[in-house]
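Trainee: I'd like to ask you about the structure that follows.
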Amino acid sequence: MVALALDIGGTKMAAGIVDAGGTVPHPATTPTPATGVADACAALLREVAGAATITSVGIACAGPVDTVAGSASPINIAEWSGGFGLVDAVQDVFPGVPARLAMDGAAAALGEHHHGAGRGVPDLLSLVVSTGIGGGVVLGGRIATGRTGNAGHIGHLVVTGGTEPCTCGGVGCLETVASGPSSVRWARSRGWRGTTGVELARAAADGDDVAVAALDRAGTALGQAIASAAALLDVDLAVIGGGFAQAGPPLWDPMRRAAARHARLSFVANLRVVPAELGASGTLVGAGVLAVDEG
């Protein structure tokens with residue numbers, strides 16, 4: 001059996017062969033083009049597969065997805081925003097091979113459950129805090145999919161302090177308060193002169209008042225959302241990854257304080273909020289788990 005993992009995001013695509021340990025040690029990547037996304041994806045799959053006989057494919061894709069129909073309509077891939085038959089397209093490359101699709105946040109949660117910070121824990125919530133905020137849920141050792149595969153979209157919970165329009169069409173989503181770009185915009189509106197989340201984190205670490213306030217605001221919103229989701233789902237572990245989650249104590253301290261302040265019911269009183277262990281590879285590893293399960 002040769003299982004293949006595929007991860008499709010708004011800026012890059014990655015694919016690789018799943019090894020005997022269930023991870024993807026040698027992925028190939030390519031930028032996600034503005035047009036011709038399907039052709040670029042097919043070329044990447046053929047490059048990675050080489051002469052191997054592929055027996056299953058796990059697919060993680062930015063959402064929303066429809067795992068029943070096998071389609072994706074990512075907000076950050078304009079060409080597919082109206083819906084694209086992703087499973088059918090992958091099976092055009094590998095005829096007759098079973099392929100399983102999951103939202104990228106759900107795949108990241110599955111990767112952490114099997115190979116990262118959630119090893120040995122049957123139930124967890126996962127967040128990816130970056131340019132946007134994604135999420136996924138594992139319950140009883142399996143992805144909680146919901147009706148269409150989009151369960152865990154925590155970035156679109158509405159939080160205190162959220163008043164800005166969101167790319168989803170709503171207003172006040174967590175993503176508008178706590179993502180990297182949202183935090184940068186908030187800080188710049190108050191006189192901070194940097195332009196990136198990395199610069200904002202560095203300025204906060206150096207004690208810049210506006211940067212500290214921006215990360216405190218983001219961390220507090222994240223903690224509120226985590227506590228709310230934990231109570232809804234009855235989980236006591238939240239695993240946090242993504243580039244902006246690397247901002248350190250100025251983000252993590254208020255996040256953990258807010259989570260503890262709001263998670264007061266007995267079944268979430270011991271809620272743990274911990275860093276992801278797999279880094280940027282988590283989503284692809286989760287896609288590999290999907291492929292092995294499907295195969």
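Residues in the structure tokens are numbered from 1 in each chain, the chains being A, B, ... in the order shown, and ligands are numbered from 1 in the order shown.
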Could you produce a table of the residues of stretch 25-58 of chain A lying within 8 Å of stretch 89-113 of chain A, with the nearest pair of atoms per residue and their separation in Å rounded to one decimal, using only C-alpha atoms, ordered by chain and increasing residue number, as CSV?
Mentor:
residue,atom,partner,partner_atom,distance
A:Ala38,CA,A:Ala89,CA,7.4
A:Ala42,CA,A:Val93,CA,6.5
A:Leu45,CA,A:Val93,CA,7.7
A:Arg46,CA,A:Val93,CA,7.5
A:Ile54,CA,A:Phe94,CA,7.2
A:Thr55,CA,A:Val97,CA,5.7
A:Ser56,CA,A:Pro98,CA,5.1
A:Val57,CA,A:Ala99,CA,4.6
A:Gly58,CA,A:Arg100,CA,5.1
Trainee: Excluding stretch 235-239 of chain A and its own-chain neighbours fewer than 4 positions away, which residues fall within 7 Å of it when counting only C-alpha atoms? Please give them as an MDAnalysis selection string.
Mentor: chainID A and resid 117 123:127 230 268 270:276
Trainee: For A:Leu215, which residue out of A:Ala231, A:Ser189, A:Ala247, A:His156 is the nearest one, using only C-alpha atoms?
Mentor: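 Counting only C-alpha atoms, the residue closest to A:Leu215 is A:Ala247.
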Trainee: Which of stretch 204-294 of chain A end up as strand (DSSP E or B) when DSSP is run on this backbone - answer as a PyMOL selection string?
Mentor: chain A and resi 237-241+272-275
Trainee: Those same residues, written as a PDB file, in the first residue's frame with N, CA, C and O atoms?
Mentor:
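Output file result27.pdb is given in full below:
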ATOM      1  N   LEU A 237      -8.634  19.566  26.354  1.00  0.00           N
ATOM      2  CA  LEU A 237      -7.346  19.865  25.740  1.00  0.00           C
ATOM      3  C   LEU A 237      -7.554  20.708  24.498  1.00  0.00           C
ATOM      4  O   LEU A 237      -8.343  20.342  23.611  1.00  0.00           O
ATOM      5  N   ALA A 238      -6.854  21.839  24.434  1.00  0.00           N
ATOM      6  CA  ALA A 238      -6.830  22.677  23.237  1.00  0.00           C
ATOM      7  C   ALA A 238      -5.385  22.790  22.767  1.00  0.00           C
ATOM      8  O   ALA A 238      -4.505  23.171  23.548  1.00  0.00           O
ATOM      9  N   VAL A 239      -5.155  22.447  21.521  1.00  0.00           N
ATOM     10  CA  VAL A 239      -3.817  22.451  20.938  1.00  0.00           C
ATOM     11  C   VAL A 239      -3.745  23.612  19.943  1.00  0.00           C
ATOM     12  O   VAL A 239      -4.545  23.681  19.007  1.00  0.00           O
ATOM     13  N   ILE A 240      -2.783  24.511  20.158  1.00  0.00           N
ATOM     14  CA  ILE A 240      -2.741  25.752  19.391  1.00  0.00           C
ATOM     15  C   ILE A 240      -1.479  25.799  18.533  1.00  0.00           C
ATOM     16  O   ILE A 240      -0.360  25.746  19.038  1.00  0.00           O
ATOM     17  N   GLY A 241      -1.664  25.912  17.226  1.00  0.00           N
ATOM     18  CA  GLY A 241      -0.542  26.035  16.305  1.00  0.00           C
ATOM     19  C   GLY A 241      -0.742  27.215  15.373  1.00  0.00           C
ATOM     20  O   GLY A 241      -1.644  28.039  15.551  1.00  0.00           O
ATOM     21  N   ARG A 272      -6.581  22.308  29.465  1.00  0.00           N
ATOM     22  CA  ARG A 272      -5.185  22.611  29.146  1.00  0.00           C
ATOM     23  C   ARG A 272      -5.113  23.260  27.773  1.00  0.00           C
ATOM     24  O   ARG A 272      -5.757  22.797  26.832  1.00  0.00           O
ATOM     25  N   VAL A 273      -4.320  24.301  27.673  1.00  0.00           N
ATOM     26  CA  VAL A 273      -4.086  24.990  26.403  1.00  0.00           C
ATOM     27  C   VAL A 273      -2.597  24.872  26.115  1.00  0.00           C
ATOM     28  O   VAL A 273      -1.770  25.453  26.822  1.00  0.00           O
ATOM     29  N   VAL A 274      -2.238  24.096  25.079  1.00  0.00           N
ATOM     30  CA  VAL A 274      -0.840  23.747  24.860  1.00  0.00           C
ATOM     31  C   VAL A 274      -0.438  24.032  23.419  1.00  0.00           C
ATOM     32  O   VAL A 274      -1.278  24.052  22.515  1.00  0.00           O
ATOM     33  N   PRO A 275       0.862  24.233  23.170  1.00  0.00           N
ATOM     34  CA  PRO A 275       1.322  24.454  21.794  1.00  0.00           C
ATOM     35  C   PRO A 275       1.250  23.175  20.963  1.00  0.00           C
ATOM     36  O   PRO A 275       1.471  22.063  21.464  1.00  0.00           O
TER      37      PRO A 275
END
Trainee: So which one's closest to A:His115, A:Ser73, A:Thr196, A:Thr148, A:Thr23? Using only C-alpha atoms, please.
Mentor: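 Using only C-alpha atoms, A:His115 sits closest to A:Thr23.
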Trainee: Excluding A:Arg217 and its own-chain neighbours fewer than 2 positions away, which residues fall within 12 Å of it when counting only C-alpha atoms? Please give them as a CSV table (one decimal) with all heavy atoms, in the first residue's frame.
Mentor:
chain,number,residue,atom,x,y,z
A,159,VAL,N,-16.9,36.9,19.1
A,159,VAL,CA,-16.3,37.1,20.4
A,159,VAL,C,-16.4,38.5,20.8
A,159,VAL,O,-16.7,39.4,20.0
A,159,VAL,CB,-14.7,36.7,20.4
A,159,VAL,CG1,-14.5,35.3,20.1
A,159,VAL,CG2,-14.0,37.6,19.3
A,160,THR,N,-16.2,38.8,22.1
A,160,THR,CA,-16.3,40.1,22.7
A,160,THR,C,-15.2,41.0,22.0
A,160,THR,O,-14.1,40.6,21.9
A,160,THR,CB,-16.0,40.0,24.2
A,160,THR,OG1,-17.0,39.2,24.8
A,160,THR,CG2,-16.1,41.4,24.8
A,161,GLY,N,-15.6,42.2,21.6
A,161,GLY,CA,-14.7,43.1,21.0
A,161,GLY,C,-14.7,42.9,19.5
A,161,GLY,O,-14.0,43.7,18.8
A,162,GLY,N,-15.4,42.0,18.9
A,162,GLY,CA,-15.3,41.8,17.5
A,162,GLY,C,-16.4,42.6,16.8
A,162,GLY,O,-17.6,42.3,17.0
A,174,LEU,N,-14.0,35.7,15.5
A,174,LEU,CA,-12.7,35.6,16.2
A,174,LEU,C,-11.6,36.0,15.3
A,174,LEU,O,-10.6,36.6,15.7
A,174,LEU,CB,-12.5,34.2,16.8
A,174,LEU,CG,-11.2,33.9,17.4
A,174,LEU,CD1,-10.9,34.7,18.6
A,174,LEU,CD2,-11.1,32.4,17.7
A,176,THR,N,-11.4,38.1,13.0
A,176,THR,CA,-11.3,39.6,12.8
A,176,THR,C,-10.6,40.2,14.0
A,176,THR,O,-10.2,41.4,14.0
A,176,THR,CB,-12.6,40.3,12.6
A,176,THR,OG1,-13.4,40.2,13.8
A,176,THR,CG2,-13.4,39.6,11.5
A,177,VAL,N,-10.4,39.5,15.1
A,177,VAL,CA,-9.8,40.1,16.3
A,177,VAL,C,-8.4,39.5,16.6
A,177,VAL,O,-7.5,40.2,17.0
A,177,VAL,CB,-10.7,39.8,17.6
A,177,VAL,CG1,-10.0,40.3,18.8
A,177,VAL,CG2,-12.1,40.4,17.4
A,178,ALA,N,-8.2,38.2,16.3
A,178,ALA,CA,-7.1,37.5,16.9
A,178,ALA,C,-6.1,36.9,15.8
A,178,ALA,O,-5.1,36.3,16.2
A,178,ALA,CB,-7.5,36.3,17.8
A,179,SER,N,-6.4,37.0,14.5
A,179,SER,CA,-5.5,36.6,13.5
A,179,SER,C,-4.3,37.5,13.5
A,179,SER,O,-4.4,38.7,14.0
A,179,SER,CB,-6.1,36.5,12.1
A,179,SER,OG,-6.4,37.8,11.6
A,180,GLY,N,-3.2,37.1,12.8
A,180,GLY,CA,-2.1,38.0,12.7
A,180,GLY,C,-2.4,39.3,12.0
A,180,GLY,O,-2.1,40.4,12.5
A,182,SER,N,-5.2,40.8,11.5
A,182,SER,CA,-6.2,41.6,12.2
A,182,SER,C,-5.5,42.3,13.4
A,182,SER,O,-5.8,43.5,13.6
A,182,SER,CB,-7.3,40.7,12.7
A,182,SER,OG,-8.1,40.2,11.7
A,183,SER,N,-4.6,41.6,14.0
A,183,SER,CA,-3.9,42.3,15.2
A,183,SER,C,-3.0,43.4,14.7
A,183,SER,O,-2.9,44.4,15.3
A,183,SER,CB,-3.1,41.2,15.9
A,183,SER,OG,-4.0,40.2,16.5
A,184,VAL,N,-2.4,43.2,13.5
A,184,VAL,CA,-1.5,44.2,12.9
A,184,VAL,C,-2.3,45.4,12.6
A,184,VAL,O,-2.0,46.6,12.9
A,184,VAL,CB,-0.8,43.7,11.7
A,184,VAL,CG1,-0.1,44.8,10.9
A,184,VAL,CG2,0.3,42.7,12.2
A,186,TRP,N,-5.2,46.4,13.9
A,186,TRP,CA,-5.6,47.1,15.1
A,186,TRP,C,-4.5,47.9,15.7
A,186,TRP,O,-4.7,49.1,16.1
A,186,TRP,CB,-6.1,46.0,16.1
A,186,TRP,CG,-6.7,46.6,17.4
A,186,TRP,CD1,-8.0,46.9,17.6
A,186,TRP,CD2,-6.0,46.9,18.6
A,186,TRP,NE1,-8.2,47.4,18.8
A,186,TRP,CE2,-7.0,47.4,19.5
A,186,TRP,CE3,-4.7,46.8,19.0
A,186,TRP,CZ2,-6.7,47.8,20.8
A,186,TRP,CZ3,-4.4,47.3,20.3
A,186,TRP,CH2,-5.4,47.7,21.2
A,187,ALA,N,-3.2,47.4,15.7
A,187,ALA,CA,-2.1,48.1,16.3
A,187,ALA,C,-1.8,49.3,15.4
A,187,ALA,O,-1.5,50.4,15.9
A,187,ALA,CB,-0.9,47.2,16.4
A,210,VAL,N,1.6,49.5,22.5
A,210,VAL,CA,0.5,49.2,21.6
A,210,VAL,C,0.6,47.7,21.2
A,210,VAL,O,-0.4,47.1,21.1
A,210,VAL,CB,0.6,50.1,20.4
A,210,VAL,CG1,-0.5,49.7,19.3
A,210,VAL,CG2,0.3,51.6,20.8
A,211,ALA,N,1.8,47.3,20.9
A,211,ALA,CA,2.0,45.9,20.5
A,211,ALA,C,1.5,44.9,21.6
A,211,ALA,O,0.8,43.9,21.4
A,211,ALA,CB,3.4,45.6,20.1
A,212,VAL,N,1.9,45.3,22.9
A,212,VAL,CA,1.4,44.5,24.0
A,212,VAL,C,-0.1,44.4,24.1
A,212,VAL,O,-0.7,43.4,24.3
A,212,VAL,CB,2.0,45.0,25.3
A,212,VAL,CG1,1.4,44.4,26.5
A,212,VAL,CG2,3.5,44.8,25.4
A,213,ALA,N,-0.7,45.6,23.9
A,213,ALA,CA,-2.2,45.7,24.0
A,213,ALA,C,-2.8,44.9,22.8
A,213,ALA,O,-3.9,44.2,23.0
A,213,ALA,CB,-2.6,47.1,23.9
A,214,ALA,N,-2.2,44.9,21.6
A,214,ALA,CA,-2.8,44.1,20.5
A,214,ALA,C,-2.7,42.6,20.8
A,214,ALA,O,-3.7,41.9,20.5
A,214,ALA,CB,-2.0,44.5,19.2
A,215,LEU,N,-1.6,42.1,21.3
A,215,LEU,CA,-1.5,40.7,21.6
A,215,LEU,C,-2.4,40.3,22.8
A,215,LEU,O,-2.9,39.2,22.8
A,215,LEU,CB,-0.1,40.3,21.8
A,215,LEU,CG,0.8,40.4,20.6
A,215,LEU,CD1,2.2,39.7,20.8
A,215,LEU,CD2,0.2,39.7,19.4
A,219,GLY,N,-5.1,37.5,22.4
A,219,GLY,CA,-5.0,36.3,23.3
A,219,GLY,C,-6.3,36.2,24.2
A,219,GLY,O,-6.8,35.1,24.4
A,220,THR,N,-6.8,37.3,24.6
A,220,THR,CA,-8.0,37.2,25.4
A,220,THR,C,-9.2,36.7,24.6
A,220,THR,O,-10.0,35.8,25.0
A,220,THR,CB,-8.4,38.6,25.9
A,220,THR,OG1,-7.3,39.1,26.8
A,220,THR,CG2,-9.7,38.6,26.7
A,221,ALA,N,-9.3,37.1,23.3
A,221,ALA,CA,-10.4,36.6,22.5
A,221,ALA,C,-10.2,35.1,22.2
A,221,ALA,O,-11.2,34.4,22.2
A,221,ALA,CB,-10.4,37.4,21.2
A,222,LEU,N,-8.9,34.7,22.0
A,222,LEU,CA,-8.7,33.3,21.7
A,222,LEU,C,-9.1,32.5,23.0
A,222,LEU,O,-9.7,31.4,22.9
A,222,LEU,CB,-7.2,33.1,21.4
A,222,LEU,CG,-6.8,33.5,20.0
A,222,LEU,CD1,-5.2,33.6,20.0
A,222,LEU,CD2,-7.3,32.5,19.0
A,223,GLY,N,-8.7,33.0,24.2
A,223,GLY,CA,-9.1,32.2,25.4
A,223,GLY,C,-10.6,32.1,25.6
A,223,GLY,O,-11.1,31.1,26.0
A,224,GLN,N,-11.3,33.2,25.3
A,224,GLN,CA,-12.7,33.2,25.4
A,224,GLN,C,-13.3,32.1,24.4
A,224,GLN,O,-14.2,31.3,24.8
A,224,GLN,CB,-13.3,34.6,25.0
A,224,GLN,CG,-13.0,35.6,26.1
A,224,GLN,CD,-13.4,37.0,25.6
A,224,GLN,OE1,-13.7,37.2,24.4
A,224,GLN,NE2,-13.5,38.0,26.5
A,250,PRO,N,3.4,37.3,25.4
A,250,PRO,CA,2.4,38.3,25.2
A,250,PRO,C,1.0,37.9,24.6
A,250,PRO,O,0.0,38.5,24.9
A,250,PRO,CB,3.1,39.3,24.3
A,250,PRO,CG,4.5,39.1,24.6
A,250,PRO,CD,4.7,37.6,24.7
A,251,LEU,N,1.0,36.8,23.9
A,251,LEU,CA,-0.2,36.2,23.4
A,251,LEU,C,-0.7,35.1,24.3
A,251,LEU,O,-1.9,35.0,24.6
A,251,LEU,CB,0.0,35.7,21.9
A,251,LEU,CG,-1.2,35.0,21.3
A,251,LEU,CD1,-2.2,36.1,20.9
A,251,LEU,CD2,-0.8,34.2,20.1
A,252,TRP,N,0.2,34.2,24.7
A,252,TRP,CA,-0.2,33.0,25.4
A,252,TRP,C,-0.6,33.3,26.8
A,252,TRP,O,-1.6,32.7,27.3
A,252,TRP,CB,1.0,32.0,25.4
A,252,TRP,CG,1.1,31.2,24.2
A,252,TRP,CD1,1.6,31.6,23.0
A,252,TRP,CD2,0.5,29.9,23.9
A,252,TRP,NE1,1.5,30.7,22.0
A,252,TRP,CE2,0.8,29.6,22.6
A,252,TRP,CE3,-0.1,29.0,24.7
A,252,TRP,CZ2,0.5,28.4,22.0
A,252,TRP,CZ3,-0.5,27.8,24.2
A,252,TRP,CH2,-0.2,27.5,22.8
A,253,ASP,N,0.0,34.2,27.5
A,253,ASP,CA,-0.5,34.5,28.9
A,253,ASP,C,-1.9,35.0,28.9
A,253,ASP,O,-2.7,34.5,29.7
A,253,ASP,CB,0.5,35.5,29.5
A,253,ASP,CG,1.9,34.9,29.8
A,253,ASP,OD1,2.0,33.7,29.7
A,253,ASP,OD2,2.8,35.7,30.2
A,254,PRO,N,-2.3,36.0,28.2
A,254,PRO,CA,-3.7,36.4,28.2
A,254,PRO,C,-4.7,35.3,27.7
A,254,PRO,O,-5.8,35.2,28.1
A,254,PRO,CB,-3.8,37.7,27.4
A,254,PRO,CG,-2.5,37.7,26.5
A,254,PRO,CD,-1.5,36.9,27.3
A,255,MET,N,-4.2,34.5,26.7
A,255,MET,CA,-5.0,33.4,26.2
A,255,MET,C,-5.3,32.4,27.3
A,255,MET,O,-6.5,32.0,27.5
A,255,MET,CB,-4.3,32.8,25.0
A,255,MET,CG,-5.1,31.6,24.5
A,255,MET,SD,-4.4,31.0,22.9
A,255,MET,CE,-2.7,30.8,23.2
A,257,ARG,N,-5.1,32.9,30.6
A,257,ARG,CA,-5.8,33.6,31.6
A,257,ARG,C,-7.3,33.6,31.3
A,257,ARG,O,-8.2,33.3,32.1
A,257,ARG,CB,-5.3,35.0,31.9
A,257,ARG,CG,-4.0,35.1,32.7
A,257,ARG,CD,-3.8,36.5,33.2
A,257,ARG,NE,-3.7,37.5,32.2
A,257,ARG,CZ,-2.6,37.9,31.6
A,257,ARG,NH1,-1.5,37.3,32.0
A,257,ARG,NH2,-2.6,38.8,30.7
A,258,ALA,N,-7.6,34.0,30.0
A,258,ALA,CA,-9.0,34.1,29.6
A,258,ALA,C,-9.7,32.7,29.6
A,258,ALA,O,-10.8,32.6,30.0
A,258,ALA,CB,-9.1,34.8,28.3
Trainee: Write out as a short mmCIF file (atom, residue, chain, number, x, y, z; two decimals) with all heavy atoms, in the first residue's frame each polymer residue whose atoms come within 8 Å of A:Asp66, counting only C-alpha atoms; drop sequence neighbours fewer than 5 positions from it.
Mentor:
data_model
loop_
_atom_site.label_atom_id
_atom_site.label_comp_id
_atom_site.auth_asym_id
_atom_site.auth_seq_id
_atom_site.Cartn_x
_atom_site.Cartn_y
_atom_site.Cartn_z
N SER A 71 -16.32 18.14 -2.37
CA SER A 71 -15.97 19.41 -2.99
C SER A 71 -15.41 20.38 -1.97
O SER A 71 -15.56 20.21 -0.76
CB SER A 71 -17.21 20.03 -3.67
OG SER A 71 -18.21 20.33 -2.70
N ALA A 72 -14.77 21.43 -2.48
CA ALA A 72 -14.22 22.49 -1.64
C ALA A 72 -14.54 23.84 -2.27
O ALA A 72 -14.54 23.97 -3.50
CB ALA A 72 -12.71 22.33 -1.48
N THR A 148 -21.49 18.68 7.03
CA THR A 148 -20.81 18.82 5.74
C THR A 148 -19.29 18.70 5.82
O THR A 148 -18.61 18.85 4.82
CB THR A 148 -21.14 20.18 5.10
OG1 THR A 148 -20.69 21.23 5.98
CG2 THR A 148 -22.64 20.33 4.87
N GLY A 149 -18.78 18.46 7.04
CA GLY A 149 -17.33 18.37 7.19
C GLY A 149 -16.68 19.61 7.73
O GLY A 149 -15.45 19.69 7.80
N ASN A 150 -17.48 20.60 8.14
CA ASN A 150 -16.93 21.89 8.56
C ASN A 150 -16.95 22.12 10.07
O ASN A 150 -16.69 23.24 10.52
CB ASN A 150 -17.67 23.01 7.85
CG ASN A 150 -17.37 23.05 6.36
OD1 ASN A 150 -16.27 23.42 5.96
ND2 ASN A 150 -18.32 22.63 5.55
#
Trainee: Residues of stretch 231-280 of chain A in alpha helix (DSSP H) according to DSSP, as a list in words?
Mentor: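 Listing alpha helix (DSSP H) positions across stretch 231-280 of chain A yields Ala231, Leu232, Leu233, Pro249, Pro250, Leu251, Trp252, Asp253, Pro254, Met255, Arg256, Arg257, Ala258, Ala259, Ala260, Arg261 and His262 of chain A.
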Trainee: For the residues in the current selection, export all heavy atoms as a short mmCIF file (atom, residue, chain, number, x, y, z; two decimals), in the first residue's frame.
Mentor:
data_model
loop_
_atom_site.label_atom_id
_atom_site.label_comp_id
_atom_site.auth_asym_id
_atom_site.auth_seq_id
_atom_site.Cartn_x
_atom_site.Cartn_y
_atom_site.Cartn_z
N ALA A 231 -16.49 24.00 26.55
CA ALA A 231 -17.72 23.70 27.25
C ALA A 231 -18.76 23.08 26.32
O ALA A 231 -19.48 22.15 26.70
CB ALA A 231 -18.28 24.98 27.88
N LEU A 232 -18.82 23.55 25.09
CA LEU A 232 -19.77 23.01 24.12
C LEU A 232 -19.45 21.57 23.77
O LEU A 232 -20.35 20.73 23.64
CB LEU A 232 -19.75 23.88 22.86
CG LEU A 232 -20.66 23.44 21.71
CD1 LEU A 232 -22.12 23.60 22.11
CD2 LEU A 232 -20.36 24.25 20.46
N LEU A 233 -18.15 21.26 23.64
CA LEU A 233 -17.73 19.96 23.13
C LEU A 233 -17.36 18.97 24.22
O LEU A 233 -17.17 17.78 23.94
CB LEU A 233 -16.51 20.15 22.21
CG LEU A 233 -16.76 21.01 20.97
CD1 LEU A 233 -15.44 21.38 20.32
CD2 LEU A 233 -17.66 20.27 19.98
N PRO A 249 4.81 34.68 25.14
CA PRO A 249 4.02 35.04 26.32
C PRO A 249 3.05 36.20 26.14
O PRO A 249 1.96 36.17 26.74
CB PRO A 249 5.09 35.36 27.37
CG PRO A 249 6.26 34.52 26.97
CD PRO A 249 6.25 34.52 25.47
N PRO A 250 3.37 37.26 25.37
CA PRO A 250 2.38 38.35 25.24
C PRO A 250 1.04 37.89 24.65
O PRO A 250 0.02 38.53 24.88
CB PRO A 250 3.09 39.34 24.31
CG PRO A 250 4.54 39.12 24.55
CD PRO A 250 4.66 37.63 24.74
N LEU A 251 1.05 36.79 23.88
CA LEU A 251 -0.19 36.21 23.36
C LEU A 251 -0.69 35.08 24.27
O LEU A 251 -1.88 35.00 24.58
CB LEU A 251 0.03 35.68 21.94
CG LEU A 251 -1.19 35.04 21.28
CD1 LEU A 251 -2.20 36.11 20.87
CD2 LEU A 251 -0.79 34.21 20.06
N TRP A 252 0.23 34.21 24.68
CA TRP A 252 -0.17 33.01 25.42
C TRP A 252 -0.64 33.30 26.83
O TRP A 252 -1.58 32.65 27.32
CB TRP A 252 1.00 32.01 25.44
CG TRP A 252 1.08 31.23 24.16
CD1 TRP A 252 1.63 31.64 22.99
CD2 TRP A 252 0.54 29.93 23.92
NE1 TRP A 252 1.50 30.67 22.03
CE2 TRP A 252 0.84 29.61 22.58
CE3 TRP A 252 -0.13 29.01 24.71
CZ2 TRP A 252 0.46 28.40 22.01
CZ3 TRP A 252 -0.51 27.79 24.15
CH2 TRP A 252 -0.22 27.50 22.81
N ASP A 253 -0.04 34.24 27.50
CA ASP A 253 -0.45 34.53 28.88
C ASP A 253 -1.90 35.01 28.94
O ASP A 253 -2.70 34.46 29.73
CB ASP A 253 0.50 35.53 29.53
CG ASP A 253 1.87 34.94 29.83
OD1 ASP A 253 2.03 33.70 29.71
OD2 ASP A 253 2.79 35.71 30.18
N PRO A 254 -2.30 36.02 28.16
CA PRO A 254 -3.72 36.41 28.21
C PRO A 254 -4.66 35.33 27.67
O PRO A 254 -5.79 35.21 28.14
CB PRO A 254 -3.78 37.68 27.36
CG PRO A 254 -2.55 37.66 26.52
CD PRO A 254 -1.51 36.94 27.32
N MET A 255 -4.18 34.52 26.71
CA MET A 255 -5.02 33.44 26.19
C MET A 255 -5.33 32.43 27.30
O MET A 255 -6.49 32.04 27.51
CB MET A 255 -4.32 32.76 25.01
CG MET A 255 -5.06 31.56 24.45
SD MET A 255 -4.42 30.99 22.85
CE MET A 255 -2.68 30.75 23.19
N ARG A 256 -4.30 32.02 28.02
CA ARG A 256 -4.50 31.04 29.10
C ARG A 256 -5.30 31.65 30.25
O ARG A 256 -6.14 30.98 30.86
CB ARG A 256 -3.15 30.51 29.58
CG ARG A 256 -2.54 29.51 28.59
CD ARG A 256 -1.19 29.04 29.04
NE ARG A 256 -0.77 27.82 28.34
CZ ARG A 256 0.47 27.54 27.99
NH1 ARG A 256 1.45 28.40 28.29
NH2 ARG A 256 0.76 26.42 27.37
N ARG A 257 -5.06 32.91 30.57
CA ARG A 257 -5.84 33.56 31.64
C ARG A 257 -7.32 33.60 31.28
O ARG A 257 -8.19 33.30 32.11
CB ARG A 257 -5.32 34.98 31.90
CG ARG A 257 -4.04 35.06 32.70
CD ARG A 257 -3.83 36.47 33.25
NE ARG A 257 -3.75 37.47 32.20
CZ ARG A 257 -2.60 37.87 31.63
NH1 ARG A 257 -1.45 37.33 31.99
NH2 ARG A 257 -2.61 38.81 30.69
N ALA A 258 -7.62 34.00 30.05
CA ALA A 258 -9.02 34.10 29.63
C ALA A 258 -9.68 32.72 29.60
O ALA A 258 -10.84 32.57 30.01
CB ALA A 258 -9.12 34.77 28.26
N ALA A 259 -8.96 31.73 29.10
CA ALA A 259 -9.51 30.37 29.08
C ALA A 259 -9.83 29.90 30.49
O ALA A 259 -10.91 29.35 30.76
CB ALA A 259 -8.55 29.42 28.39
N ALA A 260 -8.92 30.13 31.42
CA ALA A 260 -9.14 29.71 32.81
C ALA A 260 -10.29 30.49 33.45
O ALA A 260 -11.07 29.94 34.24
CB ALA A 260 -7.86 29.88 33.62
N ARG A 261 -10.40 31.78 33.12
CA ARG A 261 -11.44 32.61 33.72
C ARG A 261 -12.83 32.16 33.28
O ARG A 261 -13.79 32.22 34.06
CB ARG A 261 -11.21 34.07 33.32
CG ARG A 261 -12.20 35.05 33.94
CD ARG A 261 -11.74 36.48 33.79
NE ARG A 261 -11.60 36.90 32.41
CZ ARG A 261 -10.44 37.14 31.80
NH1 ARG A 261 -9.31 36.99 32.45
NH2 ARG A 261 -10.41 37.53 30.55
N HIS A 262 -12.95 31.69 32.04
CA HIS A 262 -14.27 31.34 31.51
C HIS A 262 -14.58 29.84 31.59
O HIS A 262 -15.76 29.48 31.54
CB HIS A 262 -14.37 31.81 30.05
CG HIS A 262 -14.36 33.30 29.92
ND1 HIS A 262 -15.43 34.10 30.26
CD2 HIS A 262 -13.39 34.15 29.50
CE1 HIS A 262 -15.14 35.37 30.04
NE2 HIS A 262 -13.90 35.43 29.58
#
